[in-house]
Amino acid sequence: VILKILRRSRSHPGAEEIYREARKAIPNISLGTVYRNLNILKQQRKISEVKSEFHTGSLYDGTVGSHSHFQCEKCGHLEDIMTLDEEKLITGSDMKERGEVTSIQIVFLGRCRKCLEKRAASHSSH
Ligand SMILES: [Zn+2]
Ligand SMILES: [Zn+2]
């Protein structure tokens with residue numbers, strides 16, 4: 001159920017959000033069970049954990065494979081960027097000398113379109 005929620009979601013939910021969603025399918029599931037299963041899925045590399053300074057807990061990602069993120073510094077919105085060639089970044093750098101890269105997470109920070117529109121709207125009203 002947890003894996004299904006994450007595969008379906010594009011919004012990188014936190015554990016509490018996954019818990020609320022999972023309870024619709026399994027009403028007596030506990031938050032502890034959700035955390036335990038998130039850790040198992042992470043170890044199996046079926047999901048990944050995204051740490052963000054804009055969220056207190058971890059966020060979870062059902063998109064497997066290397067991909068990058070765009071994050072809004074204003075509202076914390078996090079979305080996938082699938083158009084970057086992360087492999088090329090690894091081979092094109094001196095990473096081989098440093099060790100073995102097992103995964104790559106790039107976060108582009110800025111303002112999302114929604115927040116920009118909001119800012120533009122508040123400016124034009126003055
Ligand atoms: Zn935003
Ligand atoms: Zn993602």
# chains A, B, ... in the order shown; residues from 1 in each chain; ligands from 1
$ closest_atom_pairs --of "range 4-46 of chain A" --to "range 61-69 of chain A" --cutoff "9 Å" --atoms "only C-alpha atoms" --output "JSON lines"
{"residue": "A:Lys4", "atom": "CA", "partner": "A:Gly62", "partner_atom": "CA", "distance": 8.4}
{"residue": "A:Ile5", "atom": "CA", "partner": "A:Gly62", "partner_atom": "CA", "distance": 8.2}
{"residue": "A:Leu6", "atom": "CA", "partner": "A:Gly62", "partner_atom": "CA", "distance": 4.6}
{"residue": "A:Arg7", "atom": "CA", "partner": "A:Gly62", "partner_atom": "CA", "distance": 4.7}
{"residue": "A:Arg8", "atom": "CA", "partner": "A:Gly62", "partner_atom": "CA", "distance": 7.8}
{"residue": "A:Ser9", "atom": "CA", "partner": "A:Gly62", "partner_atom": "CA", "distance": 7.4}
{"residue": "A:Arg10", "atom": "CA", "partner": "A:Gly62", "partner_atom": "CA", "distance": 8.0}
{"residue": "A:Ser11", "atom": "CA", "partner": "A:Asp61", "partner_atom": "CA", "distance": 8.2}
{"residue": "A:His12", "atom": "CA", "partner": "A:Asp61", "partner_atom": "CA", "distance": 5.1}
{"residue": "A:Pro13", "atom": "CA", "partner": "A:Asp61", "partner_atom": "CA", "distance": 7.5}
{"residue": "A:Arg45", "atom": "CA", "partner": "A:Val64", "partner_atom": "CA", "distance": 7.7}
{"residue": "A:Lys46", "atom": "CA", "partner": "A:Val64", "partner_atom": "CA", "distance": 6.4}
$ residues_around --residues "Cys115 in chain A" --least-positions-apart "3" --cutoff "10 Å" --atoms "only C-alpha atoms" --output "VMD selection string"
chain A and resid 72 to 75 77 110 to 112 118 to 121
$ closest_residue --among "A:Lys96, A:Gln71, A:Tyr35, A:Thr102" --to "Ala22 in chain A" --atoms "only C-alpha atoms"
A:Tyr35
$ closest_residue --among "A:Gln43, A:Ser93, A:Asn37, A:Gln105" --to "ligand 2" --atoms "only C-alpha atoms and all ligand atoms"
A:Gln105
$ residues_around --residues "Val101 in chain A" --least-positions-apart "2" --cutoff "12 Å" --atoms "only C-alpha atoms" --output "list of chain:residue names"
A:Ser66, A:Glu86, A:Glu87, A:Leu89, A:Ile90, A:Thr91, A:Ser93, A:Asp94, A:Met95, A:Lys96, A:Glu97, A:Arg98, A:Gly99, A:Ser103, A:Ile104, A:Gln105
$ select_by_dssp --residues "range 72-114 of chain A" --states "alpha helix (DSSP H)" --output "PyMOL selection string"
chain A and resi 86-91+95-98+113-114
$ write_last_selection --atoms "N, CA, C and O atoms" --output "PDB file, in the first residue's frame"
ATOM      1  N   GLU A  86      22.213  12.789 -15.095  1.00  0.00           N
ATOM      2  CA  GLU A  86      23.039  12.689 -13.896  1.00  0.00           C
ATOM      3  C   GLU A  86      24.273  11.818 -14.114  1.00  0.00           C
ATOM      4  O   GLU A  86      25.328  12.076 -13.547  1.00  0.00           O
ATOM      5  N   GLU A  87      24.110  10.772 -14.952  1.00  0.00           N
ATOM      6  CA  GLU A  87      25.239   9.870 -15.216  1.00  0.00           C
ATOM      7  C   GLU A  87      26.404  10.647 -15.837  1.00  0.00           C
ATOM      8  O   GLU A  87      27.565  10.408 -15.524  1.00  0.00           O
ATOM      9  N   LYS A  88      26.055  11.554 -16.711  1.00  0.00           N
ATOM     10  CA  LYS A  88      27.062  12.360 -17.386  1.00  0.00           C
ATOM     11  C   LYS A  88      27.798  13.256 -16.386  1.00  0.00           C
ATOM     12  O   LYS A  88      29.000  13.487 -16.508  1.00  0.00           O
ATOM     13  N   LEU A  89      27.044  13.747 -15.404  1.00  0.00           N
ATOM     14  CA  LEU A  89      27.656  14.569 -14.367  1.00  0.00           C
ATOM     15  C   LEU A  89      28.689  13.773 -13.578  1.00  0.00           C
ATOM     16  O   LEU A  89      29.730  14.285 -13.189  1.00  0.00           O
ATOM     17  N   ILE A  90      28.382  12.494 -13.353  1.00  0.00           N
ATOM     18  CA  ILE A  90      29.305  11.644 -12.600  1.00  0.00           C
ATOM     19  C   ILE A  90      30.549  11.349 -13.440  1.00  0.00           C
ATOM     20  O   ILE A  90      31.678  11.541 -12.982  1.00  0.00           O
ATOM     21  N   THR A  91      30.344  10.943 -14.699  1.00  0.00           N
ATOM     22  CA  THR A  91      31.485  10.576 -15.540  1.00  0.00           C
ATOM     23  C   THR A  91      32.287  11.808 -15.948  1.00  0.00           C
ATOM     24  O   THR A  91      33.482  11.714 -16.185  1.00  0.00           O
ATOM     25  N   MET A  95      34.710  12.241  -9.870  1.00  0.00           N
ATOM     26  CA  MET A  95      34.107  11.376  -8.854  1.00  0.00           C
ATOM     27  C   MET A  95      34.803  10.026  -8.722  1.00  0.00           C
ATOM     28  O   MET A  95      34.844   9.449  -7.646  1.00  0.00           O
ATOM     29  N   LYS A  96      35.320   9.504  -9.837  1.00  0.00           N
ATOM     30  CA  LYS A  96      35.986   8.191  -9.806  1.00  0.00           C
ATOM     31  C   LYS A  96      37.162   8.191  -8.837  1.00  0.00           C
ATOM     32  O   LYS A  96      37.453   7.197  -8.201  1.00  0.00           O
ATOM     33  N   GLU A  97      37.851   9.349  -8.753  1.00  0.00           N
ATOM     34  CA  GLU A  97      38.996   9.444  -7.848  1.00  0.00           C
ATOM     35  C   GLU A  97      38.553   9.502  -6.392  1.00  0.00           C
ATOM     36  O   GLU A  97      39.280   9.123  -5.497  1.00  0.00           O
ATOM     37  N   ARG A  98      37.334  10.010  -6.177  1.00  0.00           N
ATOM     38  CA  ARG A  98      36.848  10.170  -4.816  1.00  0.00           C
ATOM     39  C   ARG A  98      36.278   8.881  -4.247  1.00  0.00           C
ATOM     40  O   ARG A  98      36.290   8.656  -3.046  1.00  0.00           O
ATOM     41  N   ARG A 113       6.466  28.344  -9.673  1.00  0.00           N
ATOM     42  CA  ARG A 113       5.630  29.183 -10.524  1.00  0.00           C
ATOM     43  C   ARG A 113       4.464  29.790  -9.744  1.00  0.00           C
ATOM     44  O   ARG A 113       4.113  30.943  -9.921  1.00  0.00           O
ATOM     45  N   LYS A 114       3.884  28.970  -8.841  1.00  0.00           N
ATOM     46  CA  LYS A 114       2.743  29.442  -8.058  1.00  0.00           C
ATOM     47  C   LYS A 114       3.124  30.640  -7.200  1.00  0.00           C
ATOM     48  O   LYS A 114       2.393  31.625  -7.130  1.00  0.00           O
TER      49      LYS A 114
END
